[in-house]
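A.B. asks: To be precise about what I am sending: the file is called protein.pdb and holds PDB, C-alpha atoms, pLDDT in the B column.
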ATOM      1  CA  MET A1269      39.880  84.985  47.112  1.00 56.00           C
ATOM      2  CA  THR A1270      39.029  85.736  50.731  1.00 59.00           C
ATOM      3  CA  GLN A1271      41.292  87.754  52.933  1.00 65.00           C
ATOM      4  CA  ALA A1272      42.225  86.504  56.348  1.00 67.00           C
ATOM      5  CA  ARG A1273      40.497  88.452  59.056  1.00 70.00           C
ATOM      6  CA  ALA A1274      42.610  90.376  61.485  1.00 67.00           C
ATOM      7  CA  PRO A1275      42.577  88.868  64.978  1.00 68.00           C
ATOM      8  CA  ARG A1276      40.046  90.330  67.352  1.00 78.00           C
ATOM      9  CA  ALA A1277      41.377  92.895  69.810  1.00 82.00           C
ATOM     10  CA  ASP A1278      40.649  90.644  72.801  1.00 83.00           C
ATOM     11  CA  ALA A1279      42.546  87.763  71.157  1.00 83.00           C
ATOM     12  CA  VAL A1280      45.556  90.032  70.600  1.00 88.00           C
ATOM     13  CA  ARG A1281      45.409  91.184  74.245  1.00 92.00           C
ATOM     14  CA  ASN A1282      45.098  87.600  75.507  1.00 92.00           C
ATOM     15  CA  ARG A1283      48.056  86.448  73.430  1.00 93.00           C
ATOM     16  CA  LYS A1284      50.190  89.283  74.794  1.00 94.00           C
ATOM     17  CA  LYS A1285      49.115  88.528  78.373  1.00 95.00           C
ATOM     18  CA  ILE A1286      49.940  84.849  77.894  1.00 96.00           C
ATOM     19  CA  LEU A1287      53.392  85.582  76.466  1.00 93.00           C
ATOM     20  CA  THR A1288      54.194  88.027  79.269  1.00 93.00           C
ATOM     21  CA  ALA A1289      52.997  85.570  81.910  1.00 95.00           C
ATOM     22  CA  ALA A1290      54.904  82.678  80.320  1.00 92.00           C
ATOM     23  CA  ASP A1291      58.123  84.684  80.289  1.00 88.00           C
ATOM     24  CA  GLY A1292      57.632  85.652  83.933  1.00 90.00           C
ATOM     25  CA  GLN A1293      56.580  82.204  85.109  1.00 91.00           C
ATOM     26  CA  ILE A1294      59.408  80.388  83.331  1.00 86.00           C
ATOM     27  CA  THR A1295      61.894  82.921  84.667  1.00 83.00           C
ATOM     28  CA  ALA A1296      60.550  82.631  88.208  1.00 85.00           C
ATOM     29  CA  HIS A1297      59.882  78.889  88.364  1.00 84.00           C
ATOM     30  CA  GLY A1298      61.967  77.322  85.610  1.00 79.00           C
ATOM     31  CA  PRO A1299      61.076  75.362  82.520  1.00 77.00           C
ATOM     32  CA  ASP A1300      58.880  72.853  84.346  1.00 84.00           C
ATOM     33  CA  VAL A1301      56.198  75.424  85.212  1.00 90.00           C
ATOM     34  CA  GLY A1302      52.788  74.139  84.160  1.00 93.00           C
ATOM     35  CA  MET A1303      50.468  75.543  81.544  1.00 95.00           C
ATOM     36  CA  ASP A1304      47.795  75.915  84.253  1.00 95.00           C
ATOM     37  CA  GLU A1305      50.108  78.186  86.255  1.00 96.00           C
ATOM     38  CA  ILE A1306      50.909  80.238  83.167  1.00 96.00           C
ATOM     39  CA  ALA A1307      47.216  80.618  82.322  1.00 96.00           C
ATOM     40  CA  ALA A1308      46.443  81.686  85.894  1.00 96.00           C
ATOM     41  CA  ALA A1309      49.271  84.244  85.862  1.00 97.00           C
ATOM     42  CA  ALA A1310      47.942  85.599  82.556  1.00 96.00           C
ATOM     43  CA  GLY A1311      44.413  85.805  83.920  1.00 96.00           C
ATOM     44  CA  VAL A1312      42.996  83.628  81.134  1.00 95.00           C
ATOM     45  CA  ALA A1313      41.320  80.255  81.021  1.00 94.00           C
ATOM     46  CA  VAL A1314      43.517  77.272  80.195  1.00 95.00           C
ATOM     47  CA  GLY A1315      41.437  76.716  77.050  1.00 94.00           C
ATOM     48  CA  THR A1316      42.298  80.233  75.892  1.00 94.00           C
ATOM     49  CA  LEU A1317      45.981  79.510  76.398  1.00 94.00           C
ATOM     50  CA  TYR A1318      45.725  76.292  74.377  1.00 94.00           C
ATOM     51  CA  ARG A1319      43.814  78.052  71.570  1.00 93.00           C
ATOM     52  CA  HIS A1320      46.782  80.363  71.141  1.00 93.00           C
ATOM     53  CA  PHE A1321      49.505  77.791  71.882  1.00 94.00           C
ATOM     54  CA  PRO A1322      48.499  74.142  71.394  1.00 95.00           C
ATOM     55  CA  THR A1323      51.650  72.876  73.156  1.00 92.00           C
ATOM     56  CA  LYS A1324      54.120  74.165  75.678  1.00 89.00           C
ATOM     57  CA  THR A1325      56.796  73.952  72.992  1.00 87.00           C
ATOM     58  CA  ASP A1326      54.734  76.341  70.845  1.00 89.00           C
ATOM     59  CA  LEU A1327      54.422  78.736  73.773  1.00 90.00           C
ATOM     60  CA  VAL A1328      58.117  78.667  74.628  1.00 86.00           C
ATOM     61  CA  ALA A1329      59.034  79.140  70.958  1.00 85.00           C
ATOM     62  CA  ALA A1330      56.814  82.245  70.870  1.00 87.00           C
ATOM     63  CA  VAL A1331      58.458  83.633  74.032  1.00 86.00           C
ATOM     64  CA  VAL A1332      61.904  83.036  72.532  1.00 83.00           C
ATOM     65  CA  ALA A1333      60.787  84.685  69.278  1.00 85.00           C
ATOM     66  CA  GLU A1334      59.684  87.788  71.194  1.00 85.00           C
ATOM     67  CA  TYR A1335      63.083  87.913  72.916  1.00 84.00           C
ATOM     68  CA  VAL A1336      64.855  87.699  69.546  1.00 85.00           C
ATOM     69  CA  ALA A1337      62.619  90.491  68.184  1.00 87.00           C
ATOM     70  CA  ARG A1338      63.581  92.724  71.134  1.00 88.00           C
ATOM     71  CA  VAL A1339      67.273  92.017  70.498  1.00 89.00           C
ATOM     72  CA  ALA A1340      66.812  92.843  66.801  1.00 92.00           C
ATOM     73  CA  ASP A1341      65.032  96.108  67.648  1.00 95.00           C
ATOM     74  CA  ASP A1342      67.868  97.020  70.029  1.00 95.00           C
ATOM     75  CA  ALA A1343      70.560  96.232  67.435  1.00 95.00           C
ATOM     76  CA  GLU A1344      68.774  98.284  64.771  1.00 97.00           C
ATOM     77  CA  ALA A1345      68.385 101.223  67.167  1.00 97.00           C
ATOM     78  CA  ALA A1346      72.108 101.017  67.985  1.00 97.00           C
ATOM     79  CA  LEU A1347      72.980 101.050  64.287  1.00 97.00           C
ATOM     80  CA  ALA A1348      70.666 104.042  63.718  1.00 97.00           C
ATOM     81  CA  ARG A1349      72.466 105.992  66.463  1.00 97.00           C
ATOM     82  CA  VAL A1350      75.782 105.233  64.787  1.00 97.00           C
ATOM     83  CA  ALA A1351      74.405 106.209  61.368  1.00 96.00           C
ATOM     84  CA  ASP A1352      73.222 109.585  62.644  1.00 95.00           C
ATOM     85  CA  GLY A1353      76.682 110.256  64.062  1.00 93.00           C
ATOM     86  CA  SER A1354      75.629 110.578  67.687  1.00 87.00           C
ATOM     87  CA  VAL A1355      77.900 107.766  68.916  1.00 94.00           C
ATOM     88  CA  ARG A1356      80.827 105.643  67.778  1.00 94.00           C
ATOM     89  CA  ALA A1357      80.173 102.112  66.560  1.00 96.00           C
ATOM     90  CA  LEU A1358      82.537 100.493  69.076  1.00 94.00           C
ATOM     91  CA  ASP A1359      80.708 102.182  71.955  1.00 94.00           C
ATOM     92  CA  GLU A1360      77.325 101.058  70.609  1.00 95.00           C
ATOM     93  CA  LEU A1361      78.512  97.508  69.952  1.00 95.00           C
ATOM     94  CA  THR A1362      79.960  97.237  73.463  1.00 93.00           C
ATOM     95  CA  ALA A1363      76.806  98.718  75.026  1.00 94.00           C
ATOM     96  CA  PHE A1364      74.628  96.378  72.934  1.00 94.00           C
ATOM     97  CA  LEU A1365      76.666  93.383  74.050  1.00 92.00           C
ATOM     98  CA  GLY A1366      76.225  94.455  77.679  1.00 91.00           C
ATOM     99  CA  ARG A1367      72.470  94.941  77.298  1.00 91.00           C
ATOM    100  CA  VAL A1368      71.967  91.539  75.692  1.00 89.00           C
ATOM    101  CA  VAL A1369      74.009  89.849  78.405  1.00 88.00           C
ATOM    102  CA  GLU A1370      71.992  91.569  81.137  1.00 87.00           C
ATOM    103  CA  GLN A1371      68.704  90.636  79.437  1.00 84.00           C
ATOM    104  CA  SER A1372      69.947  87.063  79.158  1.00 82.00           C
ATOM    105  CA  VAL A1373      70.349  86.944  82.932  1.00 82.00           C
ATOM    106  CA  THR A1374      66.602  87.254  83.443  1.00 76.00           C
ATOM    107  CA  ASP A1375      65.664  85.223  80.376  1.00 74.00           C
ATOM    108  CA  ARG A1376      68.034  82.351  81.224  1.00 64.00           C
ATOM    109  CA  ALA A1377      65.135  80.156  82.299  1.00 63.00           C
ATOM    110  CA  VAL A1378      63.267  80.812  79.068  1.00 64.00           C
ATOM    111  CA  LYS A1379      66.315  79.789  77.058  1.00 69.00           C
ATOM    112  CA  ALA A1380      66.718  76.670  79.205  1.00 66.00           C
ATOM    113  CA  ALA A1381      63.083  75.797  78.581  1.00 61.00           C
ATOM    114  CA  ALA A1382      63.578  76.299  74.850  1.00 62.00           C
ATOM    115  CA  GLN A1383      66.537  73.931  74.868  1.00 65.00           C
ATOM    116  CA  THR A1384      64.686  71.379  76.998  1.00 62.00           C
ATOM    117  CA  LEU A1385      61.614  71.409  74.775  1.00 62.00           C
ATOM    118  CA  GLY A1386      63.433  71.893  71.484  1.00 63.00           C
ATOM    119  CA  ALA A1387      61.518  75.107  70.837  1.00 63.00           C
ATOM    120  CA  GLU A1388      62.889  77.142  67.979  1.00 67.00           C
ATOM    121  CA  PRO A1389      61.234  80.260  66.638  1.00 64.00           C
ATOM    122  CA  GLY A1390      60.016  79.241  63.194  1.00 66.00           C
ATOM    123  CA  ASN A1391      60.495  82.652  61.605  1.00 68.00           C
ATOM    124  CA  ARG A1392      64.123  83.745  61.204  1.00 84.00           C
ATOM    125  CA  VAL A1393      63.276  87.306  60.122  1.00 90.00           C
ATOM    126  CA  ASP A1394      64.140  88.861  63.495  1.00 88.00           C
ATOM    127  CA  GLU A1395      67.314  86.818  63.847  1.00 87.00           C
ATOM    128  CA  ASP A1396      68.328  88.014  60.373  1.00 91.00           C
ATOM    129  CA  ARG A1397      67.468  91.627  61.322  1.00 93.00           C
ATOM    130  CA  ALA A1398      69.691  91.370  64.405  1.00 92.00           C
ATOM    131  CA  GLY A1399      72.555  89.853  62.434  1.00 92.00           C
ATOM    132  CA  THR A1400      72.310  92.507  59.731  1.00 96.00           C
ATOM    133  CA  ALA A1401      72.339  95.335  62.289  1.00 97.00           C
ATOM    134  CA  VAL A1402      75.264  93.836  64.229  1.00 95.00           C
ATOM    135  CA  ALA A1403      77.167  93.405  60.957  1.00 97.00           C
ATOM    136  CA  GLY A1404      76.497  97.086  60.238  1.00 97.00           C
ATOM    137  CA  LEU A1405      77.859  98.060  63.650  1.00 97.00           C
ATOM    138  CA  ILE A1406      80.969  95.964  63.041  1.00 97.00           C
ATOM    139  CA  ARG A1407      81.549  97.453  59.568  1.00 97.00           C
ATOM    140  CA  ALA A1408      81.098 100.995  60.914  1.00 97.00           C
ATOM    141  CA  GLY A1409      83.548 100.307  63.742  1.00 96.00           C
ATOM    142  CA  GLN A1410      86.024  98.805  61.308  1.00 96.00           C
ATOM    143  CA  ALA A1411      85.673 101.867  59.062  1.00 96.00           C
ATOM    144  CA  ASP A1412      86.378 104.058  62.106  1.00 94.00           C
ATOM    145  CA  GLY A1413      89.490 101.973  62.803  1.00 94.00           C
ATOM    146  CA  ASP A1414      88.119 100.992  66.231  1.00 94.00           C
ATOM    147  CA  ILE A1415      87.112  97.348  65.626  1.00 95.00           C
ATOM    148  CA  ASN A1416      89.541  94.688  64.481  1.00 93.00           C
ATOM    149  CA  THR A1417      89.132  93.783  60.821  1.00 94.00           C
ATOM    150  CA  ASP A1418      88.702  90.082  61.589  1.00 94.00           C
ATOM    151  CA  VAL A1419      85.706  90.515  63.950  1.00 95.00           C
ATOM    152  CA  THR A1420      82.475  88.965  62.602  1.00 94.00           C
ATOM    153  CA  VAL A1421      78.855  88.608  63.652  1.00 94.00           C
ATOM    154  CA  ASN A1422      79.626  85.011  64.634  1.00 92.00           C
ATOM    155  CA  ASP A1423      82.251  86.333  67.052  1.00 93.00           C
ATOM    156  CA  ILE A1424      79.603  88.481  68.751  1.00 92.00           C
ATOM    157  CA  TYR A1425      77.280  85.457  68.973  1.00 88.00           C
ATOM    158  CA  LEU A1426      80.157  83.453  70.449  1.00 89.00           C
ATOM    159  CA  LEU A1427      80.606  86.130  73.099  1.00 89.00           C
ATOM    160  CA  PHE A1428      76.874  85.998  73.904  1.00 85.00           C
ATOM    161  CA  SER A1429      77.059  82.234  74.316  1.00 84.00           C
ATOM    162  CA  THR A1430      80.002  82.442  76.717  1.00 87.00           C
ATOM    163  CA  ALA A1431      78.722  85.309  78.859  1.00 87.00           C
ATOM    164  CA  PRO A1432      78.683  84.584  82.609  1.00 90.00           C
ATOM    165  CA  THR A1433      74.919  85.046  82.972  1.00 86.00           C
ATOM    166  CA  ASP A1434      74.923  82.935  86.135  1.00 86.00           C
ATOM    167  CA  GLN A1435      77.386  85.273  87.854  1.00 91.00           C
ATOM    168  CA  PRO A1436      76.694  88.464  89.860  1.00 93.00           C
ATOM    169  CA  PRO A1437      76.624  91.873  88.123  1.00 92.00           C
ATOM    170  CA  ALA A1438      80.230  92.699  89.040  1.00 95.00           C
ATOM    171  CA  ALA A1439      81.454  89.522  87.331  1.00 94.00           C
ATOM    172  CA  ARG A1440      79.426  90.298  84.201  1.00 92.00           C
ATOM    173  CA  THR A1441      80.857  93.823  84.101  1.00 92.00           C
ATOM    174  CA  ARG A1442      84.361  92.420  84.509  1.00 93.00           C
ATOM    175  CA  TRP A1443      83.691  89.910  81.710  1.00 93.00           C
ATOM    176  CA  LEU A1444      82.711  92.741  79.367  1.00 91.00           C
ATOM    177  CA  THR A1445      85.858  94.660  80.352  1.00 90.00           C
ATOM    178  CA  LEU A1446      87.969  91.607  79.549  1.00 91.00           C
ATOM    179  CA  VAL A1447      86.355  90.709  76.202  1.00 91.00           C
ATOM    180  CA  THR A1448      86.140  94.211  74.747  1.00 90.00           C
ATOM    181  CA  PRO A1449      89.881  94.399  73.932  1.00 89.00           C
ATOM    182  CA  GLY A1450      89.419  91.347  71.699  1.00 88.00           C
ATOM    183  CA  LEU A1451      87.060  93.407  69.550  1.00 89.00           C
ATOM    184  CA  THR A1452      88.952  96.646  69.419  1.00 88.00           C
ATOM    185  CA  THR A1453      92.150  97.978  67.954  1.00 84.00           C
ATOM    186  CA  GLN A1454      92.482 100.266  70.957  1.00 75.00           C
ATOM    187  CA  ALA A1455      94.617  99.448  73.968  1.00 67.00           C
ATOM    188  CA  ARG A1456      92.793  98.421  77.099  1.00 61.00           C
ATOM    189  CA  PRO A1457      92.557 101.390  79.490  1.00 60.00           C
ATOM    190  CA  ALA A1458      94.493 101.064  82.715  1.00 61.00           C
ATOM    191  CA  GLU A1459      92.313 100.416  85.751  1.00 58.00           C
ATOM    192  CA  SER A1460      92.587 102.795  88.661  1.00 51.00           C
TER     193      SER A1460
END
Could you write out this file's structure as structure tokens?

C.D. replies:
Amino acid sequence: MTQARAPRADAVRNRKKILTAADGQITAHGPDVGMDEIAAAAGVAVGTLYRHFPTKTDLVAAVVAEYVARVADDAEAALARVADGSVRALDELTAFLGRVVEQSVTDRAVKAAAQTLGAEPGNRVDEDRAGTAVAGLIRAGQADGDINTDVTVNDIYLLFSTAPTDQPPAARTRWLTLVTPGLTTQARPAES
């Protein structure tokens, strides 16, 4: 039995450059940006891009997968902070929700491209990691008595899907202020 060889260091660097450039180009120019433009922004030949990603759908799916991995890492870090007792679960869940919404503002074009091209990350491991960590945050907040007992991971995903990512920062902050009471058992603080 032969073992698969690890990718060469230059191939790993090129893949990373392509993914970074694709994210930036789709964000800046929308889902119709060409593969030639992405290759140029990455500083690689078009053939190199196509060796890594045979189709634009493959490329967009990889960009979306990286985004999901970052969200999963963030959710797990939030849960770790709660587990070590440095912060309350409700505070971490609310902060996590805010961070994901803000990240979605810049990645809106990537998500639009994914929907347009039908790109779905093939590996659900990171999505499962995120869901598991968010569920842990919810359970910890419920144990603290801070999060309503009927709140689920699907509720958090619903909030993500309804976030006003096309609105200015003040509107997004206001949205978070308005939705947080739906998660918590605590009364909404009076505004000054």

A.B. asks: Given the file above and the PyMOL selection byres ((chain A and resi 1302) around 12), which residues are selected, and can you give them as a PyMOL selection string?

C.D. replies: chain A and resi 1289-1290+1293-1294+1297-1301+1303-1309+1314+1317+1323-1325+1327-1328+1381

A.B. asks: Taking a cut-off of 10 Å and counting all atoms listed in the file, can you build a table that, for each residue of segment 1388-1428 of chain A near segment 1338-1344 of chain A, reports the nearest atom pair and how far apart they are in Å (one decimal), sorted by chain then residue number, as a tab-separated table?

C.D. replies:
residue	atom	partner	partner_atom	distance
A:Val1393	CA	A:Ala1340	CA	9.4
A:Asp1394	CA	A:Ala1340	CA	5.8
A:Glu1395	CA	A:Ala1340	CA	6.7
A:Asp1396	CA	A:Ala1340	CA	8.2
A:Arg1397	CA	A:Ala1340	CA	5.7
A:Ala1398	CA	A:Ala1340	CA	4.0
A:Gly1399	CA	A:Ala1340	CA	7.8
A:Thr1400	CA	A:Glu1344	CA	8.4
A:Ala1401	CA	A:Glu1344	CA	5.3
A:Val1402	CA	A:Ala1343	CA	6.2
A:Ala1403	CA	A:Ala1343	CA	9.7
A:Gly1404	CA	A:Glu1344	CA	9.0
A:Leu1405	CA	A:Ala1343	CA	8.4

A.B. asks: Neighbouring residues of Asp1359 of chain A were defined as those with any atom within 10 Å, considering only C-alpha atoms; residues of the same chain fewer than 3 positions away were excluded. Please report them as a list in words.

C.D. replies: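 Surrounding residues, per the criterion: Ala1346, Val1350, Val1355, Arg1356, Thr1362, Ala1363, Phe1364, Leu1365, Leu1405, Gly1409 and Asp1414 of chain A.
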
A.B. asks: Could you turn the residues from that selection into a file that holds C-alpha atoms, as an mmCIF file, in the frame of the given file?

C.D. replies:
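Output saved as part.cif:
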data_model
loop_
_atom_site.group_PDB
_atom_site.id
_atom_site.type_symbol
_atom_site.label_atom_id
_atom_site.label_comp_id
_atom_site.auth_asym_id
_atom_site.auth_seq_id
_atom_site.Cartn_x
_atom_site.Cartn_y
_atom_site.Cartn_z
ATOM 1 C CA ALA A 1346 72.108 101.017 67.985
ATOM 2 C CA VAL A 1350 75.782 105.233 64.787
ATOM 3 C CA VAL A 1355 77.900 107.766 68.916
ATOM 4 C CA ARG A 1356 80.827 105.643 67.778
ATOM 5 C CA THR A 1362 79.960 97.237 73.463
ATOM 6 C CA ALA A 1363 76.806 98.718 75.026
ATOM 7 C CA PHE A 1364 74.628 96.378 72.934
ATOM 8 C CA LEU A 1365 76.666 93.383 74.050
ATOM 9 C CA LEU A 1405 77.859 98.060 63.650
ATOM 10 C CA GLY A 1409 83.548 100.307 63.742
ATOM 11 C CA ASP A 1414 88.119 100.992 66.231
#

A.B. asks: Using all atoms listed in the file, find the one residue out of A:Ile1406, A:Ile1286, A:Leu1444, A:Val1369 that sits nearest to Ala1310 of chain A.

C.D. replies: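 Among the listed residues, the smallest separation from Ala1310 of chain A belongs to A:Ile1286.
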
A.B. asks: Please, what distance in Å, to one decimal, runs between atom CA of Ala1333 of chain A and atom CA of Glu1360 of chain A?

C.D. replies: 23.3 Å

A.B. asks: So, with only C-alpha atoms as the atoms that count, which of A:Asp1375, A:Leu1361, A:Pro1449, A:Arg1319 lies closest to Val1421 of chain A?

C.D. replies: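 That would be A:Leu1361, the residue with the smallest distance to Val1421 of chain A.
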
A.B. asks: Between atom CA of Asp1291 of chain A and atom CA of Glu1370 of chain A, what is the distance, to one decimal in Å?

C.D. replies: 15.5 Å

A.B. asks: What gap, in Å, lies between atom CA of Thr1430 of chain A and atom CA of Glu1334 of chain A?

C.D. replies: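 One can read the atom CA of Thr1430 of chain A to atom CA of Glu1334 of chain A distance as 21.7 Å.
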
A.B. asks: Report as a list in words all protein, DNA and RNA residues lying within 9 Å of Gln1410 of chain A, evaluated on all atoms listed in the file, omitting residues in the same chain fewer than 3 positions from it.

C.D. replies: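 Returned residues: Ala1357, Leu1358, Leu1405, Ile1406, Arg1407, Gly1413, Asp1414, Ile1415, Asn1416, Thr1417, Val1419 and Thr1452 of chain A.
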
A.B. asks: If the PyMOL selection byres ((chain A and resi 1432) around 10) were run on this exact file, what residues would it hold? Put them as number ranges by chain.

C.D. replies: A: 1369-1370, 1372-1373, 1427-1431, 1433-1437, 1439-1444

A.B. asks: For each of A:Val1331, A:Ala1296, A:Ile1424, A:Thr1288, take the minimum atom-to-atom distance to Thr1448 of chain A, counting all atoms listed in the file, then give the residue where this is smallest.

C.D. replies: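 Distance minimum relative to Thr1448 of chain A lands on A:Ile1424.
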
A.B. asks: Using the chain letters and numbers from the file, which residues does the PyMOL selection byres ((chain A and resi 1282) around 9) grab, as a PDB file with C-alpha atoms, in the coordinates of the input?

C.D. replies:
ATOM      1  CA  ALA A1277      41.377  92.895  69.810  1.00 82.00           C
ATOM      2  CA  ASP A1278      40.649  90.644  72.801  1.00 83.00           C
ATOM      3  CA  ALA A1279      42.546  87.763  71.157  1.00 83.00           C
ATOM      4  CA  VAL A1280      45.556  90.032  70.600  1.00 88.00           C
ATOM      5  CA  ARG A1281      45.409  91.184  74.245  1.00 92.00           C
ATOM      6  CA  ARG A1283      48.056  86.448  73.430  1.00 93.00           C
ATOM      7  CA  LYS A1284      50.190  89.283  74.794  1.00 94.00           C
ATOM      8  CA  LYS A1285      49.115  88.528  78.373  1.00 95.00           C
ATOM      9  CA  ILE A1286      49.940  84.849  77.894  1.00 96.00           C
ATOM     10  CA  LEU A1287      53.392  85.582  76.466  1.00 93.00           C
ATOM     11  CA  ALA A1310      47.942  85.599  82.556  1.00 96.00           C
ATOM     12  CA  GLY A1311      44.413  85.805  83.920  1.00 96.00           C
ATOM     13  CA  VAL A1312      42.996  83.628  81.134  1.00 95.00           C
ATOM     14  CA  THR A1316      42.298  80.233  75.892  1.00 94.00           C
ATOM     15  CA  LEU A1317      45.981  79.510  76.398  1.00 94.00           C
ATOM     16  CA  HIS A1320      46.782  80.363  71.141  1.00 93.00           C
TER      17      HIS A1320
END
